[in-house]
Amino acid sequence: MEYVTSKDGTQIAYERRGEGPPLVLVHGAAADHSRWKSLLPALKKYFTVYAVDRRGRGQSGDVRAYAIEREYEDVVAVVDSIPAPVNLLGHSYGAICSLEASLRTSNIRKLILYEPPIPIDLKKNISASIISRMKACLHVGKREEALLLFLQEIVRIPQKEIDILRLLPNWSFRVATAHTIPREEACAKAYVLAPQRFSHMETHTLLLLGGDSPSSFKDAIEALKISVPNSRIATMHRQGHAAMETAPELFLEEVIGFLSYDNH
């Protein structure tokens, strides 16, 4: 692992693999850099891949007083440590962090956002009671039960996909990071998409969406399409929130195709 120091002094770890144009990967909730492990053999043929451990998990540091803005700064710290223009891919909560980081650095070539949990229709937001149940589980040490509540009832991942996730080597790492989910879910719920903030954004942006994903993700992607200039939606049919595990070839086709195409 290699490290950069974020703006608040926190050490942020990342794993670097491959050769070629830089590609920074930012995982979502209940994960660490190992979430991308199965994709690295393909990606490192085309890119120098920087798979980040977000703060609070893996080899990265943390602070007691959490704020999502520090996560934006973490992504910027990694991106700005790389001399060449960077391709940036964020998944779920990591996609919010990547979107906001893109406004704070000029070193981004292209941006990929896969289903950021941006709240668009507040009537669909039912996570408050679920978060309370998660906290109760965490309080008595039931980390896996808390994680399953998040995946099943907030992200609404189908059981067949959860079964796939549970068989992967990094499931234990997901369980270990369960304590970070409530703080991130609270920040995601409070996030406000302000279109005017992105009106001058020139970065070519791919918005990835699973065709079978819950409507809340579809609402967020469609709102981003309206808000972010130079953006387009790519729908991965018959997939949900974890296409990198359930359809890796399709996921790689979308990512590599977009990043390899010269928009200029």
# chains A, B, ... in the order shown; residues from 1 in each chain; ligands from 1

call {"tool": "closest_atom_pairs", "arguments": {"of": "region 116-207 of chain A", "to": "region 234-255 of chain A", "cutoff": "12 Å", "atoms": "only C-alpha atoms", "output": "CSV"}}
result
residue,atom,partner,partner_atom,distance
A:Pro116,CA,A:His241,CA,9.8
A:Pro117,CA,A:His241,CA,10.5
A:Leu151,CA,A:His241,CA,10.0
A:Gln152,CA,A:His241,CA,11.6
A:Ile154,CA,A:His241,CA,11.6
A:Val155,CA,A:His241,CA,7.8
A:Arg156,CA,A:His241,CA,8.8
A:Ile157,CA,A:His241,CA,6.8
A:Pro158,CA,A:Gly240,CA,8.3
A:Gln159,CA,A:Gly240,CA,11.6
A:Lys160,CA,A:Thr246,CA,9.7
A:Glu161,CA,A:Thr246,CA,7.0
A:Ile162,CA,A:Ala242,CA,9.3
A:Asp163,CA,A:Thr246,CA,10.7
A:Ile164,CA,A:Glu245,CA,7.7
A:Leu165,CA,A:Glu245,CA,7.6
A:Arg166,CA,A:Glu245,CA,11.2
A:Leu167,CA,A:Glu245,CA,10.8
A:Leu168,CA,A:Glu245,CA,9.1
A:Asn170,CA,A:Glu245,CA,11.7
A:Thr205,CA,A:Ala234,CA,10.6
A:Leu206,CA,A:Ala234,CA,7.0
A:Leu207,CA,A:Ala234,CA,6.1

call {"tool": "select_by_dssp", "arguments": {"residues": "region 95-164 of chain A", "states": "strand (DSSP E or B)", "output": "PyMOL selection string"}}
result
chain A and resi 108-114

call {"tool": "atom_distance", "arguments": {"atom1": "CA of Phe47 (chain A)", "atom2": "CA of Gly18 (chain A)"}}
result
6.0 Å

call {"tool": "atom_distance", "arguments": {"atom1": "CA of Pro119 (chain A)", "atom2": "CA of Ala176 (chain A)"}}
result
26.4 Å

call {"tool": "residues_around", "arguments": {"residues": "Arg232 (chain A)", "least_positions_apart": "5", "cutoff": "10 Å", "atoms": "only C-alpha atoms", "output": "ChimeraX atom specification"}}
result
/A:112,204-208,221-222,224-226
